[in-house]
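Take a look at the structure below.
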Amino acid sequence: MTSALTERARELDVLHAATDFRGRFRLPAGVIYLDGNSLGALPQGVAEAVADVVHRQWGNDLIASWNDAGWWQAPARVGDAIGALIGAAPGQVVCTDSTSVNLYKAVVAAARMRPGRRVVLTDPDSFPTDLYVTDAAARDAGLVVERVSPADAVARIAQVGDDLVLASYSSVDYRTGELWDLAEITRAAHEVGALACWDLCHSAGVLDVGLDEHGADLAVGCGYKYLNGGPGAPAFIYVAHRHQDDFDQPLSGWNGHATPFAMAPHFVPAPGITRARVGTPPLMGMLALEAALKAYDGVDPAAARERSLSLTGFFLECLDVLVPELDVATPREDARRGSQVSVRHPQAYAVVQALIARGVVGDFRESDIVRLGFAPLYLTHGDVLAAAEHLRAVIEGRAFEREQFTTRATVT
Ligand SMILES: *Cc1c(COP(=O)(O)O)cnc(C)c1O
C-alpha cells in the first residue's frame with residue numbers, strides 16, 4: 001500500500017511541477033516544515049534585503065532613506081503586494097500594526113459607519129485575540145457582541161436584521177482549518193444593511209478569498225504566517241474603496257493624517273487607505289516582509305490554491321491508508337478546507353513533540369489538536385507522504401507516552 005502511495009506522490013509532484021517553488025526558500029535540511037501557518041519559512045533574498053536596509057539604507061544613508069529608499073511609502077507598497085494575493089485592487093490595503101490592533105480599528109470604524117445599530121457577530125471559536133479585541137472594541141463603541149458560529153451566521157444575521165452593525169469572521173478556522181463561506185456571509189450582512197469584516201490570517205497567501213469580487217467591506221490579517229514576513233512581521237488592513245471616505249478609525253495617529261509634516265494641532269484624516277495608518281511603521285520588519293513577498297512573484301494565486309488542495313487532499317488520502325483510526329478535524333470537501341489538516345488526539349501535545357523530534361514540524365492547539373499546515377510554495381507531495389509515515393510511526397510506537405514529549409514549553 002505504501003509503495004502505491006510513493007508512486008502516487010511521485011505522479012502528483014510531476015503533475016504539479018510548475019508550482020514547486022521550494023527553490024525560493026531557505027529551509028534547513030532534514031525538516032518537513034508544516035508550521036507555515038504559524039511562522040512562514042524564510043524566503044531567499046530576505047536576509048540580503050534586511051542587510052541592505054541595515055547597512056546601506058540606515059547605516060549609510062541615515063534619515064535620507066525616508067525619501068530616497070521610499071520608507072514613507074512602504075506601507076502602501078507592501079499593502080498593494082498583499083492585496084494582489086487576496087483579490088484586492090490597489091489602494092485598498094495598507095501594511096500596518098498587528099492583526100489585533102487592525103481588528104480593533106475595523107470594529108470601531110464599522111460602528112461609526114452604522115450609527116444606531118448595536119450588534120456585532122463573531123465566532124465563539126475564533127482565535128482568542130479576535131474575541132478579546134472584538135469585546136474591547138464593542139465596549140468602547142457601545143456595541144454588543146453575539147458569539148455565533150459561522151455555520152449559523154446567515155440565519156442569525158437575518159434575525160438580527162437592522163440592528164446588525166458587523167459580521168466579523170475568520171475565513172479559515174485556525175484550529176480545524178475549516179473554510180467558511182465568505183461570499184455567502186458577506187451577502188447576508190449586506191442584505192440587512194450591515195458590514196462584513198474578514199480575518200485572513202489563515203488564508204492570505206494560500207487562497208485568494210476574492211475580497212473585491214465578493215464585496216467584502218473590511219479585512220485584516222497577519223504578515224508572518226503564509227506570507228512569510230518573519231517573526232512579528234507587521235499586519236495588514238483592507239478597507240474597500242467605497243468605504244474609505246467614511247472609515248473613521250479610533251487611533252488617530254500622525255501617519256494617518258492628511259498632511260503629516262504640517263505638524264497641525266488637530267487630526268484630519270488622509271484620503272484613501274492611508275487613514276488606516278497610525279504611527280511610524282516598523283520598517284525593518286516591513287521591508288523584510290516586502291522582500292519575502294517576492295516569493296510570490298509570478299505565482300497565480302489560483303494555482304497556489306490548487307497545489308494547496310492537492311497537498312492537503314493527498315495527506316488525507318495517506319492518513320486513510322496509514323493511520324485510519326485518527327480523528328480528522330478538517331473537512332474533506334475541497335470547498336470547505338483551508339490549507340491545513342488537523343487531527344484530534346488525547347495526547348496531542350506529545351504527538352506534536354514526537355513529530356518534531358523526527359523532523360516534522362507542526363504545532364499543538366488546545367485542547368486536543370495536532371495542527372499541520374501545508375504551505376503550497378515549499379512543500380511537495382513527497383513531503384506529505386513522509387509526514388504521514390512519521391505520524392503513523394509516532395502513533396503506532398506510542399511515542400506520545402514518553403516523558404520527554406509531554407513536558408510543555410512556554411510557546412506551544
Ligand atoms: C495568528 C492570528 C492572529 C494574531 O494576531 P496578532 O495581533 O498578530 O498577534 C489573530 N487572529 C487570527 C485568526 C490568527 O490566526
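Letters A, B, ... go to the chains of the C-alpha cells in the order shown; residues in each chain start at 1; ligands are counted from 1 in the same order.
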
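Those protein and nucleic acid residues that have any atom within 6 Å of ligand 1 are, using only C-alpha atoms and all ligand atoms, Ser98, Thr99, Ser100, Phe127, Thr129, Asp130, Ser170, Tyr174, Asp199, Cys201, His202 and Cys222 of chain A.
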
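Secondary structure from DSSP on the backbone puts strand (DSSP E or B) at the following positions of stretch 296-348 of chain A: A:Asp327, A:Val328, A:Arg337, A:Gln340, A:Val341, A:Ser342, A:Val343, A:Arg344.
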
Write out as a PDB file with N, CA, C and O atoms, in the first residue's frame which residues come within 8 Å of stretch 225-231 of chain A when counting only C-alpha atoms, dropping same-chain ones fewer than 6 positions away.
ATOM      1  N   GLY A  36       3.969  26.608   8.570  1.00  0.00           N
ATOM      2  CA  GLY A  36       3.973  27.879   7.843  1.00  0.00           C
ATOM      3  C   GLY A  36       2.741  28.714   8.126  1.00  0.00           C
ATOM      4  O   GLY A  36       2.682  29.893   7.786  1.00  0.00           O
ATOM      5  N   ASN A  37       1.747  28.100   8.775  1.00  0.00           N
ATOM      6  CA  ASN A  37       0.555  28.845   9.169  1.00  0.00           C
ATOM      7  C   ASN A  37       0.748  29.516  10.526  1.00  0.00           C
ATOM      8  O   ASN A  37      -0.154  30.193  11.013  1.00  0.00           O
ATOM      9  N   SER A  38       1.916  29.330  11.119  1.00  0.00           N
ATOM     10  CA  SER A  38       2.193  29.984  12.396  1.00  0.00           C
ATOM     11  C   SER A  38       3.368  30.947  12.223  1.00  0.00           C
ATOM     12  O   SER A  38       3.305  32.101  12.629  1.00  0.00           O
ATOM     13  N   LEU A  39       4.420  30.445  11.589  1.00  0.00           N
ATOM     14  CA  LEU A  39       5.562  31.288  11.203  1.00  0.00           C
ATOM     15  C   LEU A  39       6.076  30.766   9.871  1.00  0.00           C
ATOM     16  O   LEU A  39       6.654  29.683   9.816  1.00  0.00           O
ATOM     17  N   GLY A  40       5.856  31.516   8.820  1.00  0.00           N
ATOM     18  CA  GLY A  40       6.264  31.090   7.484  1.00  0.00           C
ATOM     19  C   GLY A  40       7.771  30.897   7.403  1.00  0.00           C
ATOM     20  O   GLY A  40       8.535  31.454   8.205  1.00  0.00           O
ATOM     21  N   ALA A  41       8.211  30.086   6.443  1.00  0.00           N
ATOM     22  CA  ALA A  41       9.639  29.819   6.248  1.00  0.00           C
ATOM     23  C   ALA A  41      10.335  31.057   5.681  1.00  0.00           C
ATOM     24  O   ALA A  41       9.693  31.994   5.209  1.00  0.00           O
ATOM     25  N   LEU A  42      11.659  31.010   5.709  1.00  0.00           N
ATOM     26  CA  LEU A  42      12.483  32.143   5.253  1.00  0.00           C
ATOM     27  C   LEU A  42      12.680  32.096   3.730  1.00  0.00           C
ATOM     28  O   LEU A  42      13.326  31.183   3.223  1.00  0.00           O
ATOM     29  N   PRO A  43      12.145  33.088   3.004  1.00  0.00           N
ATOM     30  CA  PRO A  43      12.380  33.107   1.558  1.00  0.00           C
ATOM     31  C   PRO A  43      13.804  33.563   1.218  1.00  0.00           C
ATOM     32  O   PRO A  43      14.429  34.298   1.984  1.00  0.00           O
ATOM     33  N   CYS A 201      -5.927  35.741   8.455  1.00  0.00           N
ATOM     34  CA  CYS A 201      -4.647  35.219   8.978  1.00  0.00           C
ATOM     35  C   CYS A 201      -4.291  33.862   8.390  1.00  0.00           C
ATOM     36  O   CYS A 201      -3.135  33.596   8.099  1.00  0.00           O
ATOM     37  N   HIS A 202      -5.293  32.998   8.223  1.00  0.00           N
ATOM     38  CA  HIS A 202      -5.004  31.644   7.729  1.00  0.00           C
ATOM     39  C   HIS A 202      -5.408  31.450   6.268  1.00  0.00           C
ATOM     40  O   HIS A 202      -5.518  30.321   5.804  1.00  0.00           O
ATOM     41  N   SER A 203      -5.657  32.542   5.561  1.00  0.00           N
ATOM     42  CA  SER A 203      -5.952  32.419   4.127  1.00  0.00           C
ATOM     43  C   SER A 203      -4.968  33.185   3.254  1.00  0.00           C
ATOM     44  O   SER A 203      -4.623  32.714   2.170  1.00  0.00           O
ATOM     45  N   ALA A 204      -4.528  34.353   3.708  1.00  0.00           N
ATOM     46  CA  ALA A 204      -3.660  35.174   2.865  1.00  0.00           C
ATOM     47  C   ALA A 204      -2.407  34.390   2.477  1.00  0.00           C
ATOM     48  O   ALA A 204      -1.670  33.925   3.340  1.00  0.00           O
ATOM     49  N   GLY A 205      -2.191  34.238   1.186  1.00  0.00           N
ATOM     50  CA  GLY A 205      -1.019  33.514   0.691  1.00  0.00           C
ATOM     51  C   GLY A 205      -1.314  32.093   0.265  1.00  0.00           C
ATOM     52  O   GLY A 205      -0.509  31.481  -0.421  1.00  0.00           O
ATOM     53  N   VAL A 206      -2.461  31.568   0.680  1.00  0.00           N
ATOM     54  CA  VAL A 206      -2.787  30.200   0.263  1.00  0.00           C
ATOM     55  C   VAL A 206      -4.111  30.089  -0.479  1.00  0.00           C
ATOM     56  O   VAL A 206      -4.354  29.095  -1.162  1.00  0.00           O
ATOM     57  N   GLY A 285      10.920  45.214   9.914  1.00  0.00           N
ATOM     58  CA  GLY A 285      10.006  44.100   9.685  1.00  0.00           C
ATOM     59  C   GLY A 285       9.226  44.266   8.397  1.00  0.00           C
ATOM     60  O   GLY A 285       8.988  43.299   7.668  1.00  0.00           O
ATOM     61  N   MET A 286       8.837  45.482   8.106  1.00  0.00           N
ATOM     62  CA  MET A 286       8.013  45.702   6.915  1.00  0.00           C
ATOM     63  C   MET A 286       8.807  45.458   5.630  1.00  0.00           C
ATOM     64  O   MET A 286       8.302  44.900   4.654  1.00  0.00           O
ATOM     65  N   ALA A 288      11.413  43.514   5.412  1.00  0.00           N
ATOM     66  CA  ALA A 288      11.643  42.058   5.345  1.00  0.00           C
ATOM     67  C   ALA A 288      10.427  41.394   4.707  1.00  0.00           C
ATOM     68  O   ALA A 288      10.557  40.523   3.839  1.00  0.00           O
ATOM     69  N   LEU A 289       9.237  41.826   5.121  1.00  0.00           N
ATOM     70  CA  LEU A 289       8.007  41.288   4.526  1.00  0.00           C
ATOM     71  C   LEU A 289       7.938  41.600   3.030  1.00  0.00           C
ATOM     72  O   LEU A 289       7.577  40.742   2.218  1.00  0.00           O
ATOM     73  N   GLU A 290       8.326  42.818   2.676  1.00  0.00           N
ATOM     74  CA  GLU A 290       8.297  43.182   1.246  1.00  0.00           C
ATOM     75  C   GLU A 290       9.211  42.255   0.439  1.00  0.00           C
ATOM     76  O   GLU A 290       8.834  41.778  -0.636  1.00  0.00           O
ATOM     77  N   ALA A 292      10.105  39.254   1.336  1.00  0.00           N
ATOM     78  CA  ALA A 292       9.538  37.897   1.409  1.00  0.00           C
ATOM     79  C   ALA A 292       8.431  37.703   0.373  1.00  0.00           C
ATOM     80  O   ALA A 292       8.290  36.619  -0.200  1.00  0.00           O
ATOM     81  N   LEU A 293       7.668  38.753   0.122  1.00  0.00           N
ATOM     82  CA  LEU A 293       6.544  38.633  -0.820  1.00  0.00           C
ATOM     83  C   LEU A 293       7.014  38.357  -2.247  1.00  0.00           C
ATOM     84  O   LEU A 293       6.233  37.912  -3.090  1.00  0.00           O
ATOM     85  N   ALA A 375       2.005  24.796   3.478  1.00  0.00           N
ATOM     86  CA  ALA A 375       2.304  25.973   2.662  1.00  0.00           C
ATOM     87  C   ALA A 375       2.630  25.479   1.257  1.00  0.00           C
ATOM     88  O   ALA A 375       3.606  24.749   1.072  1.00  0.00           O
TER      89      ALA A 375
END

Between A:Ala153, A:Ala64, A:Val351, A:Leu164, smallest distance to A:Asp123 by only C-alpha atoms belongs to A:Ala153

- Item | Exercise: A:Arg344 partners within 6 Å, only C-alpha atoms, chain neighbours under 2 positions left out, as a ChimeraX atom specification | /A:327,368-369

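Minimum atom-to-atom distance to A:Gly232, evaluated using only C-alpha atoms, belongs to A:Pro282 out of A:Gly298, A:Pro324, A:Pro282, A:Gly373.
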